[in-house]
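Participant: Let me begin by handing over the structure; questions about it come next.
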Amino acid sequence: MEDKKILFSAVQPSGILTLGNYLGALRNFTALQNDFNGIFALADLHTLTVKQEPAVLRQNTYELTALYLACGIDPEKSILFAQSHVSAHAELSWILNTITYPGELSRMTQFKDKSRNHEDNINMGLMDYPVLMAADILLYQTELVPVGADQKQHLELARDIAIRFNNRYGETFKVPEAYISKSTARIMSLSEPDRKMSKSDANLNAFISMNDDKDTVIKKFKRAVTDSDNSVVFDPENKPGISNLLSIYCAVTGKTVKEAENEFSGKGYGDFKLAVGEAVSSVIEPIRLKKNDLLKNKDYLDDVLSIGASKAERLAYRTLGKVYKKVGLVPRKRV
Ligand code: TYM
């Protein structure tokens, strides 16, 4: 690998990704892969913390692999792999479990939210989710982790775990930093703009799926909840719906909020929503078409994941070996 800092992130293949996942995470991965050694995972083991239909999970895993590539992740430059293909992730998470406390995990906002939404399946994995996430990150001596704002708390826990391990056993892990892009850190729901846009929302109009075609995108933005004021002004407190649409518009056009406000001053919400829909669609449509094309060749996707896993494994076992030694496990003699 080139002598650059390590950047790691992961996305769960838990459904078709949303515009929030793209703007908050995937788009940044592609932008950063030239300046860092990028390592990108499909967090398939994390996905099992919520009930999954096995055949659907398999399909979603291919969908996400193809989407990563369609968004511009270059498997020649970056490592792209499935978490379950590198068993060091599960192994390190066991070790990290021994220095993590239930109180820390039960305080996590995502654990509390998911426990509320999946009352019939509050499993140990759901609670342990951030420890596996810490293992993902720490295995690669990661320095930077690009994520959306909802993952900030998990990142802080990963840092705490790294520092705790280093203090107890001696310098072993790099302490990672979060990279959270300010303007797209939290893309909000189109129906309830005080909640984040989420792929698990039961209301399909609440999110833009990366699989939505142009008509659907435009229809969803037309229906987006706003206010009765009819002025396109960025004011997240009093105008959360319009402010969210402005953030999205600026993120996909590259315009500043001021430029966008000027562009739509004196125009109604109808014109603005149509422009947002068209701008979003012009960005996601080519990605969708490319992704669907890539999906036709599962052999290629399997090859990409296989090569990625081999590269990731080498790095991961280097760290895991150090960890096992530090904690006092006797190395296995190879005969
Ligand atoms: P996941 O699959 O839920 O989300 C993937 C990425 O998308 C970001 N995101 C958003 N960003 C802006 N606005 C939104 N509405 C929005 N919704 C989601 C998430 O913050 C995330 O960056 N736990 C991770 C997966 C993971 C991981 C890791 C990440 C597993 N191991 C190690 C970093 C490092 C997750 O929930 O992804």
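Identifiers in this document derive from the order of the structure tokens: chains are assigned A, B, ..., residues are numbered from 1 separately in each chain, and ligands are numbered from 1 in order of occurrence.
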When the cut-off is 7 Å and you count only C-alpha atoms and all ligand atoms, which residues lie near ligand 1, shown as number ranges by chain?
Facilitator: A: 8-14, 20-25, 43, 46, 132-134, 136-137, 145-151, 184-188, 196-198
Participant: I want to know what sits within 9 Å of Ser231 (chain A), based on only C-alpha atoms, with residues of the same chain fewer than 4 positions away left out; could you give that as a list in words?
Facilitator: Ile242, Glu261, Phe264, Ser265, Gly266, Lys267, Gly268 and Tyr269 of chain A
Participant: Take the residues from that selection and write them out as a PDB file, in the first residue's frame, keeping C-alpha atoms.
Facilitator:
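Done, and the output landed in part10.pdb:
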ATOM      1  CA  ILE A 242     -37.154  23.874   3.310  1.00  0.00           C
ATOM      2  CA  GLU A 261     -31.663  31.435  -1.826  1.00  0.00           C
ATOM      3  CA  PHE A 264     -35.352  31.099  -5.790  1.00  0.00           C
ATOM      4  CA  SER A 265     -36.171  34.450  -4.213  1.00  0.00           C
ATOM      5  CA  GLY A 266     -39.615  35.524  -5.354  1.00  0.00           C
ATOM      6  CA  LYS A 267     -40.369  32.033  -6.683  1.00  0.00           C
ATOM      7  CA  GLY A 268     -42.740  29.605  -4.969  1.00  0.00           C
ATOM      8  CA  TYR A 269     -42.055  26.255  -3.343  1.00  0.00           C
TER       9      TYR A 269
END
Participant: Would you list the contacts of Asn167 (chain A) as a PyMOL selection string, taking every protein, DNA or RNA residue within 12 Å and counting only C-alpha atoms, but skipping same-chain residues closer than 6 positions in sequence?
Facilitator: chain A and resi 99+160-161+173+175+326
Participant: With distances taken over only C-alpha atoms, which residue among A:Ser183, A:Arg288, A:Ile218, A:Asp293 lies nearest Ser243 (chain A)?
Facilitator: A:Ser183
Participant: List as a list of chain:residue names the protein and nucleic acid residues near Ser310 (chain A), meaning an atom at most 10 Å away when only C-alpha atoms are counted, but skip any in the same chain fewer than 3 places from it.
Facilitator: A:Ile79, A:Phe81, A:His85, A:Val86, A:Leu305, A:Ser306, A:Ile307, A:Glu313, A:Arg314, A:Leu315, A:Ala316
Participant: How about saving the chosen residues, N, CA and C atoms kept, as a PDB file, in the first residue's frame?
Facilitator:
ATOM      1  N   ILE A  79      -9.546  -0.691  -1.081  1.00  0.00           N
ATOM      2  CA  ILE A  79      -9.912  -2.075  -0.752  1.00  0.00           C
ATOM      3  C   ILE A  79     -11.420  -2.102  -0.498  1.00  0.00           C
ATOM      4  N   PHE A  81     -14.490  -4.788   0.456  1.00  0.00           N
ATOM      5  CA  PHE A  81     -14.666  -6.190   0.879  1.00  0.00           C
ATOM      6  C   PHE A  81     -15.865  -6.335   1.814  1.00  0.00           C
ATOM      7  N   HIS A  85     -16.138 -11.783   5.312  1.00  0.00           N
ATOM      8  CA  HIS A  85     -15.074 -12.529   4.634  1.00  0.00           C
ATOM      9  C   HIS A  85     -13.740 -12.449   5.379  1.00  0.00           C
ATOM     10  N   VAL A  86     -13.661 -11.555   6.346  1.00  0.00           N
ATOM     11  CA  VAL A  86     -12.400 -11.396   7.097  1.00  0.00           C
ATOM     12  C   VAL A  86     -12.717 -11.656   8.575  1.00  0.00           C
ATOM     13  N   LEU A 305     -14.882  -8.591  -4.490  1.00  0.00           N
ATOM     14  CA  LEU A 305     -14.938  -8.817  -3.033  1.00  0.00           C
ATOM     15  C   LEU A 305     -13.846  -9.784  -2.582  1.00  0.00           C
ATOM     16  N   SER A 306     -13.559 -10.758  -3.425  1.00  0.00           N
ATOM     17  CA  SER A 306     -12.561 -11.758  -3.061  1.00  0.00           C
ATOM     18  C   SER A 306     -11.163 -11.128  -2.991  1.00  0.00           C
ATOM     19  N   ILE A 307     -10.835 -10.325  -4.001  1.00  0.00           N
ATOM     20  CA  ILE A 307      -9.518  -9.651  -4.000  1.00  0.00           C
ATOM     21  C   ILE A 307      -9.440  -8.691  -2.817  1.00  0.00           C
ATOM     22  N   GLU A 313      -7.462  -8.845   4.717  1.00  0.00           N
ATOM     23  CA  GLU A 313      -7.072  -9.888   5.661  1.00  0.00           C
ATOM     24  C   GLU A 313      -5.610  -9.743   6.108  1.00  0.00           C
ATOM     25  N   ARG A 314      -4.759  -9.453   5.124  1.00  0.00           N
ATOM     26  CA  ARG A 314      -3.322  -9.313   5.451  1.00  0.00           C
ATOM     27  C   ARG A 314      -3.118  -8.232   6.501  1.00  0.00           C
ATOM     28  N   LEU A 315      -3.775  -7.094   6.291  1.00  0.00           N
ATOM     29  CA  LEU A 315      -3.616  -5.974   7.231  1.00  0.00           C
ATOM     30  C   LEU A 315      -4.262  -6.315   8.574  1.00  0.00           C
ATOM     31  N   ALA A 316      -5.452  -6.907   8.509  1.00  0.00           N
ATOM     32  CA  ALA A 316      -6.222  -7.168   9.732  1.00  0.00           C
ATOM     33  C   ALA A 316      -5.490  -8.157  10.639  1.00  0.00           C
TER      34      ALA A 316
END
Participant: Using DSSP assignments from the backbone, pull out every residue in region 87-255 of chain A that falls under helix (DSSP H, G or I) and give it to me as a PyMOL selection string.
Facilitator: chain A and resi 88-97+102-106+109-117+119-121+124-138+149-169+182-184+204-206+214-223+240-253
Participant: List the neighbours of region 116-122 of chain A out to 9 Å using only C-alpha atoms; skip same-chain residues closer than 5 positions along the sequence, and give me the result as a CSV table (one decimal) with C-alpha atoms, in the first residue's frame.
Facilitator:
chain,number,residue,atom,x,y,z
A,49,THR,CA,-28.6,-7.5,14.4
A,50,VAL,CA,-32.0,-6.8,12.8
A,51,LYS,CA,-34.1,-9.7,11.4
A,111,PHE,CA,-29.3,1.0,20.6
A,127,MET,CA,-26.2,-3.9,22.0
Participant: Among region 108-294 of chain A, which residues carry a DSSP assignment of strand (DSSP E or B), reported as a PyMOL selection string?
Facilitator: chain A and resi 144-146+177-179+188+196+209
Participant: Quick one: write out the picked residues with N, CA and C atoms as a compact mmCIF listing (two decimals), in the first residue's frame?
Facilitator:
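Heads up, here's the output in part-v2.txt:
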# COMPACT_ATOMS: atom_id res chain seq x y z
N LEU A 144 -8.76 8.00 9.79
CA LEU A 144 -9.93 8.84 9.50
C LEU A 144 -11.13 7.96 9.14
N VAL A 145 -12.29 8.30 9.69
CA VAL A 145 -13.51 7.51 9.44
C VAL A 145 -14.62 8.45 8.95
N PRO A 146 -14.87 8.48 7.64
CA PRO A 146 -15.95 9.32 7.14
C PRO A 146 -17.32 8.68 7.41
N GLU A 177 -10.01 9.37 13.99
CA GLU A 177 -10.80 10.62 14.02
C GLU A 177 -12.01 10.43 13.10
N ALA A 178 -13.13 11.04 13.48
CA ALA A 178 -14.30 11.03 12.60
C ALA A 178 -14.14 12.12 11.54
N TYR A 179 -14.64 11.85 10.35
CA TYR A 179 -14.72 12.89 9.31
C TYR A 179 -16.20 13.04 8.98
N MET A 188 -32.34 14.93 6.27
CA MET A 188 -33.54 14.64 7.03
C MET A 188 -34.63 13.99 6.16
N LYS A 196 -34.03 11.85 10.88
CA LYS A 196 -33.09 11.65 9.78
C LYS A 196 -33.71 10.76 8.69
N SER A 209 -34.72 6.82 -2.46
CA SER A 209 -33.90 5.62 -2.57
C SER A 209 -32.95 5.81 -3.75
Participant: Please report as a Markdown table every residue of region 217-273 of chain A lying within 10 Å of region 202-205 of chain A, along with the nearest atom pair and their distance in Å (one decimal), using only C-alpha atoms.
Facilitator:
| residue | atom | partner | partner_atom | distance |
| --- | --- | --- | --- | --- |
| A:Val217 | CA | A:Asn205 | CA | 9.4 |
| A:Lys219 | CA | A:Asn205 | CA | 8.8 |
| A:Lys220 | CA | A:Asn205 | CA | 5.6 |
| A:Phe221 | CA | A:Asn205 | CA | 8.5 |
| A:Arg223 | CA | A:Asn205 | CA | 7.6 |
| A:Ala224 | CA | A:Asn205 | CA | 7.8 |
Participant: For the residues in that selection, give me C-alpha atoms as a compact mmCIF listing (two decimals), in the first residue's frame.
Facilitator:
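After the write, again22.txt holds the following:
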# COMPACT_ATOMS: atom_id res chain seq x y z
CA VAL A 217 -37.71 11.44 -7.29
CA LYS A 219 -42.92 13.13 -7.15
CA LYS A 220 -41.34 12.59 -3.72
CA PHE A 221 -39.85 16.10 -3.59
CA ARG A 223 -44.79 15.85 -1.68
CA ALA A 224 -42.01 16.86 0.74
